[in-house]
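What follows is final-v6.csv (CSV, C-alpha atoms).
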```
chain,number,residue,atom,x,y,z
A,1,MET,CA,-5.7,32.4,-25.4
A,2,SER,CA,-3.8,33.9,-22.4
A,3,CYS,CA,-0.1,34.6,-22.6
A,4,PRO,CA,1.7,31.5,-21.3
A,5,GLN,CA,5.3,32.5,-20.3
A,6,GLU,CA,6.4,28.9,-19.7
A,7,ASN,CA,5.2,27.8,-23.2
A,8,LEU,CA,7.5,30.5,-24.7
A,9,LYS,CA,10.5,29.0,-22.9
A,10,ASP,CA,9.5,25.4,-23.8
A,11,TYR,CA,9.0,26.5,-27.4
A,12,LEU,CA,12.5,28.0,-27.5
A,13,LEU,CA,14.0,24.9,-25.8
A,14,GLY,CA,12.3,22.5,-28.2
A,15,GLU,CA,10.2,20.9,-25.4
A,16,LEU,CA,6.8,21.9,-26.7
A,17,ALA,CA,4.5,19.2,-28.2
A,18,GLU,CA,3.6,19.6,-31.8
A,19,SER,CA,-0.1,20.6,-31.2
A,20,ASP,CA,0.9,23.2,-28.5
A,21,ARG,CA,3.6,24.6,-30.8
A,22,GLU,CA,1.0,25.3,-33.5
A,23,LYS,CA,-1.3,26.9,-31.0
A,24,LEU,CA,1.5,29.1,-29.7
A,25,GLU,CA,2.7,30.1,-33.2
A,26,ALA,CA,-0.9,31.2,-33.9
A,27,HIS,CA,-1.0,33.2,-30.7
A,28,LEU,CA,2.3,34.9,-31.5
A,29,GLU,CA,0.9,36.1,-34.8
A,30,ALA,CA,-1.7,38.0,-32.9
A,31,CYS,CA,0.3,39.1,-29.7
A,32,PRO,CA,3.1,41.7,-30.1
A,33,ALA,CA,3.9,41.5,-26.3
A,34,CYS,CA,4.6,37.7,-26.6
A,35,ARG,CA,6.7,38.3,-29.7
A,36,THR,CA,8.8,40.9,-27.8
A,37,GLU,CA,9.1,38.5,-24.9
A,38,LEU,CA,10.1,35.7,-27.2
A,39,GLY,CA,12.8,37.9,-28.8
A,40,ARG,CA,14.3,38.7,-25.4
A,41,LEU,CA,14.3,35.0,-24.4
A,42,ARG,CA,15.8,34.0,-27.7
A,43,LEU,CA,18.6,36.4,-27.2
A,44,ALA,CA,19.4,34.9,-23.8
A,45,VAL,CA,19.3,31.4,-25.1
A,46,SER,CA,21.4,32.1,-28.2
A,47,ALA,CA,23.9,34.1,-26.1
A,48,VAL,CA,24.4,31.1,-23.8
A,49,LYS,CA,24.5,28.6,-26.6
A,50,ASN,CA,27.1,30.6,-28.5
A,51,LEU,CA,29.4,31.2,-25.6
A,52,PRO,CA,32.8,29.9,-26.8
A,53,GLU,CA,33.9,26.7,-25.3
A,54,GLU,CA,37.0,26.5,-23.1
A,55,GLU,CA,39.9,24.5,-24.6
A,56,ILE,CA,40.8,21.5,-22.4
A,57,PRO,CA,44.4,22.1,-21.1
A,58,TYR,CA,45.5,18.6,-21.9
A,59,ARG,CA,44.0,15.4,-23.2
A,60,ILE,CA,42.9,12.7,-20.8
A,61,ALA,CA,44.0,9.2,-21.7
A,62,PHE,CA,44.1,5.9,-19.9
A,63,VAL,CA,46.7,3.2,-20.2
A,64,SER,CA,46.2,-0.5,-19.5
A,65,ASP,CA,47.1,-0.5,-15.8
A,66,LYS,CA,46.0,-2.9,-13.1
A,67,ILE,CA,45.4,0.1,-10.8
A,68,PHE,CA,42.7,1.5,-13.1
A,69,GLU,CA,41.2,-1.8,-14.1
A,70,PRO,CA,37.9,-2.8,-12.5
A,71,GLY,CA,39.1,-6.2,-11.4
A,72,PHE,CA,38.9,-9.7,-12.7
A,73,TRP,CA,35.6,-10.7,-11.1
A,74,ARG,CA,33.8,-7.5,-12.1
A,75,ARG,CA,35.0,-7.8,-15.7
A,76,LEU,CA,33.9,-11.5,-15.7
A,77,TRP,CA,30.5,-10.6,-14.3
A,78,SER,CA,30.1,-7.8,-16.9
A,79,SER,CA,31.3,-9.9,-19.8
A,80,GLY,CA,28.9,-11.2,-22.5
A,81,PRO,CA,28.5,-14.8,-21.4
A,82,ARG,CA,28.0,-14.0,-17.8
A,83,LEU,CA,24.5,-15.6,-17.8
A,84,GLY,CA,26.1,-18.8,-19.2
A,85,PHE,CA,28.7,-18.8,-16.5
A,86,ALA,CA,26.1,-18.3,-13.8
A,87,SER,CA,23.8,-21.0,-15.2
A,88,ALA,CA,26.6,-23.5,-15.4
A,89,ALA,CA,27.7,-22.7,-11.9
A,90,LEU,CA,24.2,-23.1,-10.6
A,91,LEU,CA,23.7,-26.4,-12.5
A,92,ALA,CA,26.9,-27.8,-11.2
A,93,ALA,CA,26.1,-26.8,-7.6
A,94,ALA,CA,22.6,-28.4,-7.9
A,95,ILE,CA,24.1,-31.7,-9.2
A,96,ILE,CA,26.6,-31.8,-6.4
A,97,ILE,CA,24.0,-31.1,-3.7
A,98,HIS,CA,21.6,-33.5,-5.2
A,99,GLY,CA,24.2,-36.2,-5.4
A,100,TRP,CA,25.2,-35.6,-1.7
A,101,LEU,CA,21.7,-35.6,-0.4
A,102,VAL,CA,20.2,-38.6,-2.2
A,103,ARG,CA,23.2,-40.8,-2.6
A,104,PRO,CA,22.2,-44.6,-2.4
A,105,ALA,CA,22.8,-46.4,1.0
A,106,GLY,CA,25.3,-49.3,0.9
A,107,PRO,CA,24.4,-52.9,2.0
A,108,SER,CA,24.8,-53.9,5.6
A,109,THR,CA,27.2,-56.7,6.8
A,110,GLY,CA,24.4,-59.2,7.3
A,111,GLU,CA,23.1,-58.6,3.8
A,112,LEU,CA,26.6,-59.0,2.4
A,113,ALA,CA,26.9,-62.4,4.1
A,114,ALA,CA,23.6,-63.6,2.9
A,115,MET,CA,24.5,-62.4,-0.6
A,116,GLU,CA,27.8,-64.3,-0.5
A,117,ALA,CA,26.0,-67.5,0.7
A,118,ARG,CA,23.6,-67.2,-2.2
A,119,ILE,CA,26.4,-66.8,-4.7
A,120,GLN,CA,28.2,-69.9,-3.3
A,121,GLN,CA,25.0,-71.9,-3.6
A,122,GLU,CA,24.5,-70.8,-7.1
A,123,VAL,CA,28.1,-71.6,-8.1
A,124,ALA,CA,27.8,-75.1,-6.5
A,125,ARG,CA,24.5,-75.8,-8.3
A,126,ARG,CA,25.9,-74.7,-11.6
A,127,LEU,CA,29.1,-76.7,-11.2
A,128,GLU,CA,27.2,-79.8,-10.3
A,129,ALA,CA,24.8,-79.3,-13.3
A,130,GLU,CA,27.8,-79.0,-15.6
A,131,LEU,CA,30.2,-81.6,-14.2
A,132,VAL,CA,27.8,-84.6,-13.5
A,133,PRO,CA,27.0,-85.2,-17.2
A,134,VAL,CA,30.7,-84.9,-18.0
A,135,ILE,CA,31.7,-87.5,-15.3
A,136,GLU,CA,28.9,-89.8,-16.4
A,137,SER,CA,30.1,-89.5,-20.0
A,138,LEU,CA,33.7,-90.3,-18.9
A,139,GLN,CA,32.6,-93.3,-16.9
A,140,LEU,CA,30.6,-94.7,-19.9
A,141,MET,CA,33.7,-94.2,-22.1
A,142,GLN,CA,35.8,-96.1,-19.5
A,143,LYS,CA,33.4,-99.0,-19.5
A,144,ARG,CA,33.5,-99.2,-23.3
A,145,ALA,CA,37.3,-99.1,-23.3
A,146,ASN,CA,37.4,-102.0,-20.8
A,147,LEU,CA,35.0,-104.1,-22.8
A,148,TYR,CA,37.1,-103.4,-25.9
A,149,TYR,CA,40.3,-104.4,-24.1
A,150,ARG,CA,38.8,-107.7,-22.9
A,151,ALA,CA,37.5,-108.5,-26.3
A,152,SER,CA,40.9,-107.9,-27.8
A,153,LEU,CA,42.6,-110.3,-25.3
A,154,GLU,CA,40.1,-113.0,-26.1
A,155,VAL,CA,40.9,-112.6,-29.8
A,156,GLU,CA,44.7,-112.8,-29.2
A,157,GLY,CA,44.3,-115.9,-27.0
A,158,ARG,CA,42.8,-117.9,-29.9
A,159,PRO,CA,45.0,-120.5,-31.6
B,1,MET,CA,22.2,11.6,-32.1
B,2,ILE,CA,21.0,8.0,-32.6
B,3,PHE,CA,24.1,7.2,-34.5
B,4,ARG,CA,26.3,8.7,-31.8
B,5,GLU,CA,24.4,6.6,-29.1
B,6,ALA,CA,24.9,3.5,-31.1
B,7,GLU,CA,28.6,4.2,-31.3
B,8,ASP,CA,28.9,5.0,-27.6
B,9,SER,CA,27.1,1.7,-26.9
B,10,ASP,CA,29.6,-0.2,-28.9
B,11,LEU,CA,32.5,1.5,-27.3
B,12,VAL,CA,31.0,0.8,-23.8
B,13,ALA,CA,30.6,-2.9,-24.7
B,14,ARG,CA,34.2,-3.1,-25.9
B,15,THR,CA,35.5,-1.4,-22.8
B,16,LYS,CA,33.6,-3.8,-20.7
B,17,GLN,CA,35.5,-6.6,-22.4
B,18,GLY,CA,38.7,-4.9,-21.1
B,19,ARG,CA,39.7,-3.0,-24.2
B,20,ILE,CA,41.2,0.2,-22.9
B,21,GLU,CA,41.6,1.8,-26.3
B,22,ALA,CA,37.8,1.8,-26.7
B,23,TYR,CA,37.5,3.7,-23.5
B,24,ASN,CA,40.0,6.2,-24.7
B,25,VAL,CA,37.9,6.9,-27.7
B,26,LEU,CA,34.9,7.5,-25.4
B,27,VAL,CA,37.0,9.9,-23.3
B,28,SER,CA,38.2,11.8,-26.4
B,29,ARG,CA,34.6,12.2,-27.5
B,30,TRP,CA,33.3,13.6,-24.2
B,31,GLU,CA,36.2,15.2,-22.4
B,32,ARG,CA,35.8,18.6,-23.8
B,33,ARG,CA,32.1,18.8,-23.0
B,34,VAL,CA,32.6,17.4,-19.5
B,35,PHE,CA,35.4,19.9,-18.9
B,36,ASN,CA,33.3,22.8,-20.0
B,37,TYR,CA,30.4,21.7,-17.9
B,38,LEU,CA,32.7,21.5,-14.9
B,39,VAL,CA,34.6,24.7,-15.5
B,40,ARG,CA,31.3,26.6,-15.7
B,41,LEU,CA,30.2,25.0,-12.4
B,42,VAL,CA,33.3,25.2,-10.3
B,43,GLY,CA,34.8,28.4,-12.0
B,44,ASN,CA,38.3,27.2,-12.1
B,45,ARG,CA,40.2,25.5,-15.0
B,46,GLU,CA,42.7,23.6,-12.9
B,47,ASP,CA,40.1,22.2,-10.6
B,48,ALA,CA,37.8,21.5,-13.5
B,49,MET,CA,40.6,19.5,-15.2
B,50,ASP,CA,41.3,17.5,-12.0
B,51,LEU,CA,37.6,16.8,-11.6
B,52,SER,CA,37.4,15.8,-15.3
B,53,GLN,CA,40.1,13.2,-14.8
B,54,GLU,CA,38.3,11.9,-11.7
B,55,VAL,CA,35.0,11.7,-13.5
B,56,PHE,CA,36.5,9.6,-16.3
B,57,LEU,CA,38.3,7.3,-13.9
B,58,LYS,CA,35.2,6.7,-11.8
B,59,ALA,CA,33.2,6.1,-15.0
B,60,TYR,CA,35.8,3.5,-16.1
B,61,GLN,CA,35.8,1.7,-12.8
B,62,ASN,CA,32.0,1.6,-12.5
B,63,LEU,CA,31.2,0.9,-16.1
B,64,ALA,CA,29.9,-2.5,-15.2
B,65,ARG,CA,27.0,-0.8,-13.3
B,66,LEU,CA,25.8,1.1,-16.4
B,67,GLU,CA,22.8,-1.0,-17.4
B,68,ASP,CA,21.9,0.8,-20.6
B,69,PRO,CA,25.0,1.7,-22.6
B,70,ALA,CA,23.0,4.0,-24.9
B,71,ARG,CA,22.6,6.3,-21.9
B,72,PHE,CA,26.3,6.6,-21.4
B,73,SER,CA,26.4,10.4,-21.8
B,74,SER,CA,23.7,11.2,-19.2
B,75,TRP,CA,25.3,8.6,-16.8
B,76,LEU,CA,28.7,10.3,-17.3
B,77,PHE,CA,27.2,13.8,-16.6
B,78,ARG,CA,25.6,12.4,-13.5
B,79,ILE,CA,29.0,11.4,-12.3
B,80,ALA,CA,30.3,14.8,-13.2
B,81,HIS,CA,27.5,16.4,-11.3
B,82,ASN,CA,28.3,14.4,-8.2
B,83,GLU,CA,31.9,15.3,-8.4
B,84,ALA,CA,31.3,19.0,-9.0
B,85,PHE,CA,28.9,19.3,-6.1
B,86,SER,CA,31.1,17.3,-3.8
B,87,TYR,CA,33.9,19.7,-4.7
B,88,LEU,CA,31.7,22.7,-4.1
B,89,ARG,CA,30.8,21.4,-0.7
B,90,ARG,CA,34.4,20.8,0.2
B,91,LYS,CA,35.6,24.2,-1.1
B,92,PRO,CA,36.1,26.7,1.7
B,93,PRO,CA,33.7,29.6,1.2
B,94,GLU,CA,36.4,32.3,1.7
B,95,LEU,CA,38.3,31.0,-1.3
B,96,GLU,CA,35.3,31.5,-3.5
B,97,SER,CA,35.4,35.3,-3.3
B,98,ALA,CA,39.2,35.5,-3.3
B,99,GLU,CA,39.6,33.5,-6.5
B,100,ALA,CA,40.2,34.8,-10.0
B,101,PRO,CA,37.2,35.3,-12.2
B,102,ALA,CA,35.6,32.0,-13.4
B,103,TRP,CA,36.3,32.7,-17.0
B,104,ARG,CA,39.1,34.6,-18.6
B,105,PRO,CA,38.3,37.2,-21.2
B,106,ALA,CA,38.7,35.6,-24.5
B,107,LEU,CA,38.9,36.8,-28.1
B,108,GLU,CA,35.2,36.6,-28.9
B,109,PRO,CA,33.0,39.7,-29.4
B,110,VAL,CA,33.8,41.2,-26.1
B,111,GLU,CA,30.7,42.9,-24.8
B,112,THR,CA,28.2,40.1,-25.3
B,113,ALA,CA,30.5,37.3,-24.1
B,114,LEU,CA,31.5,39.2,-21.0
B,115,ALA,CA,27.9,40.1,-20.2
B,116,VAL,CA,26.8,36.5,-20.7
B,117,ARG,CA,29.5,35.1,-18.5
B,118,ALA,CA,28.8,37.6,-15.8
B,119,ALA,CA,25.1,36.8,-16.0
B,120,LEU,CA,25.8,33.1,-15.7
B,121,GLU,CA,28.2,33.6,-12.9
B,122,ALA,CA,25.5,35.6,-11.0
B,123,LEU,CA,23.1,32.7,-11.1
B,124,PRO,CA,22.8,30.2,-8.3
B,125,VAL,CA,24.9,27.1,-9.1
B,126,GLU,CA,21.8,24.9,-9.5
B,127,GLN,CA,20.4,27.2,-12.1
B,128,ARG,CA,23.7,27.6,-13.8
B,129,GLU,CA,24.0,23.8,-14.0
B,130,ALA,CA,20.5,23.4,-15.4
B,131,VAL,CA,21.2,26.0,-18.1
B,132,GLU,CA,24.5,24.3,-18.9
B,133,LEU,CA,22.9,20.9,-19.3
B,134,LYS,CA,19.8,22.1,-21.1
B,135,ILE,CA,21.1,24.8,-23.4
B,136,CYS,CA,24.8,24.0,-23.9
B,137,GLN,CA,24.7,20.2,-23.7
B,138,GLY,CA,21.3,19.8,-25.2
B,139,PHE,CA,19.9,17.2,-22.8
B,140,LYS,CA,16.1,16.7,-22.4
B,141,PHE,CA,14.4,17.7,-19.2
B,142,ASP,CA,13.7,14.1,-18.2
B,143,GLU,CA,17.4,13.2,-18.8
B,144,ILE,CA,18.5,16.0,-16.6
B,145,ALA,CA,16.1,15.1,-13.9
B,146,GLU,CA,17.5,11.5,-13.9
B,147,MET,CA,21.1,12.9,-13.8
B,148,LEU,CA,20.4,15.2,-10.9
B,149,ASP,CA,18.1,12.8,-9.2
B,150,CYS,CA,15.3,15.4,-8.8
B,151,PRO,CA,11.8,15.9,-10.3
B,152,ILE,CA,11.4,17.2,-13.9
B,153,SER,CA,9.4,20.1,-12.4
B,154,THR,CA,12.5,21.2,-10.4
B,155,VAL,CA,14.7,21.1,-13.5
B,156,LYS,CA,12.2,23.1,-15.5
B,157,SER,CA,11.8,25.6,-12.7
B,158,ARG,CA,15.6,26.1,-12.5
B,159,VAL,CA,15.9,26.6,-16.3
B,160,TYR,CA,12.9,29.0,-16.4
B,161,SER,CA,14.2,31.1,-13.5
B,162,ALA,CA,17.7,31.2,-15.0
B,163,LEU,CA,16.3,32.3,-18.4
B,164,ASP,CA,14.3,35.1,-16.7
B,165,SER,CA,17.5,36.3,-14.9
B,166,LEU,CA,19.6,36.1,-18.1
B,167,LYS,CA,16.9,37.9,-20.1
B,168,GLU,CA,16.9,40.8,-17.6
B,169,PHE,CA,20.7,40.9,-17.4
B,170,LEU,CA,21.1,41.0,-21.1
B,171,ALA,CA,18.3,43.5,-21.7
B,172,PRO,CA,20.6,46.5,-22.1
B,173,ILE,CA,22.6,44.7,-24.8
B,174,ASP,CA,19.3,43.8,-26.5
B,175,ARG,CA,18.2,47.4,-26.5
B,176,ARG,CA,21.5,48.5,-28.1
B,177,GLY,CA,21.1,45.7,-30.6
B,178,VAL,CA,24.4,43.9,-29.8
B,179,GLY,CA,24.1,40.1,-30.2
```

Starting from the coordinates I provided, produce the structure as structure tokens.
Amino acid sequence: MSCPQENLKDYLLGELAESDREKLEAHLEACPACRTELGRLRLAVSAVKNLPEEEIPYRIAFVSDKIFEPGFWRRLWSSGPRLGFASAALLAAAIIIHGWLVRPAGPSTGELAAMEARIQQEVARRLEAELVPVIESLQLMQKRANLYYRASLEVEGRP
Amino acid sequence: MIFREAEDSDLVARTKQGRIEAYNVLVSRWERRVFNYLVRLVGNREDAMDLSQEVFLKAYQNLARLEDPARFSSWLFRIAHNEAFSYLRRKPPELESAEAPAWRPALEPVETALAVRAALEALPVEQREAVELKICQGFKFDEIAEMLDCPISTVKSRVYSALDSLKEFLAPIDRRGVG
């Protein structure tokens, strides 16, 4: 195995695959030059890693202020049920457009007149059908009443 | 790390619902790391602090665009990267040499710390940033590539070159056995 410099760096940075790591560790056992190089790289990495952190001068904090807020519509859009809102809005729009495009056409004036004439004929027919029997029944009752009246007069006129 | 990502996701979700206190928890969790990243890039504490505030404000205002809340940290550092390089482009070149040293001497073991800081300062800013994100912040190569919007090979090349330079710079300390 040749001496792969990049593999030494990846090894130190934890970016080497398991199989490559094992191969490299085997190589390091047999290669003093790579061990020395690894030691120098390790010093550089640990020196940077252990560099003390700067203290932040003051804490950053946000207050609830309209200036900082992302705005009503952006918050609405990013809220959990946004898909629900969007679906409902689309459905409502589809219903309105459908209702507008395929609304039923109203009857014309001529059709209205014909319809009214048909209604009047029907009403007249039904009235006649209902009233004629009633009138005939009344006329029959009147005849009977007259006969009864005459008969009673004849009975009163007897000695 | 998984636990932290889960917590960040939850805080991001609650912030999206308009709960500012959740965002303040996120800020307190990340402000020191973002500040240190920026101070090592721009070399000035005051400007790094201003930029940190700007980073967290922009993150708050654009949180709705964050599609994967589990990737909040890399998304945040991407904003920080953009702010830092925007600042570096605006900064007049003559001020760069006239300014005070990037880091003040601190109370840590003097020789090593000063040598490391000087070595980092001597690196090109892109390499310094790659080292900061990889070694100090612990991001993976692919995460850094996404943050910086460049190929993974570019990120690797920057880190490798920086390590070679740092190794040479620190060689005298290594020989004297100071670490």

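If only C-alpha atoms are the atoms counted, then among B:Cys136, B:Ala64, B:Leu76, B:Ala115 the closest residue to B:Glu168 is B:Ala115.
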
Quiz item: So what do you get for atom CA of B:Arg65 versus atom CA of B:Gln137, distance-wise?
Solution: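 So the two atoms, atom CA of B:Arg65 and atom CA of B:Gln137, lie 23.5 Å apart.
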
Quiz item: Skipping near chain neighbours, those fewer than 6 positions away, what residues fall within 12 Å of A:Lys49 using all atoms listed in the file, listed as a list in words?
Solution: Leu13, Arg42 and Leu43 of chain A; Ala113, Val116, Arg117, Leu120, Val131, Glu132, Leu133, Lys134, Ile135, Cys136, Gln137 and Gly138 of chain B

Let's have the selection written as an mmCIF file, in the frame of the given file, with C-alpha atoms.
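Full text of selection.cif as output:
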```cif
data_model
loop_
_atom_site.group_PDB
_atom_site.id
_atom_site.type_symbol
_atom_site.label_atom_id
_atom_site.label_comp_id
_atom_site.auth_asym_id
_atom_site.auth_seq_id
_atom_site.Cartn_x
_atom_site.Cartn_y
_atom_site.Cartn_z
ATOM 1 C CA LEU A 13 14.000 24.900 -25.800
ATOM 2 C CA ARG A 42 15.800 34.000 -27.700
ATOM 3 C CA LEU A 43 18.600 36.400 -27.200
ATOM 4 C CA ALA B 113 30.500 37.300 -24.100
ATOM 5 C CA VAL B 116 26.800 36.500 -20.700
ATOM 6 C CA ARG B 117 29.500 35.100 -18.500
ATOM 7 C CA LEU B 120 25.800 33.100 -15.700
ATOM 8 C CA VAL B 131 21.200 26.000 -18.100
ATOM 9 C CA GLU B 132 24.500 24.300 -18.900
ATOM 10 C CA LEU B 133 22.900 20.900 -19.300
ATOM 11 C CA LYS B 134 19.800 22.100 -21.100
ATOM 12 C CA ILE B 135 21.100 24.800 -23.400
ATOM 13 C CA CYS B 136 24.800 24.000 -23.900
ATOM 14 C CA GLN B 137 24.700 20.200 -23.700
ATOM 15 C CA GLY B 138 21.300 19.800 -25.200
#
```

Self-check item: Non-local contacts of stretch 27-34 of chain B (8 Å; only C-alpha atoms; under 4 positions in same chain excluded) as an MDAnalysis selection string
Solution: (chainID A and resid 55:56 59:61) or (chainID B and resid 23 38 52 56 73 77 80 137)

Quiz item: Suppose you want the space between atom CA of A:Arg126 and atom CA of A:Glu111; what is it in Å?
Solution: 22.5 Å
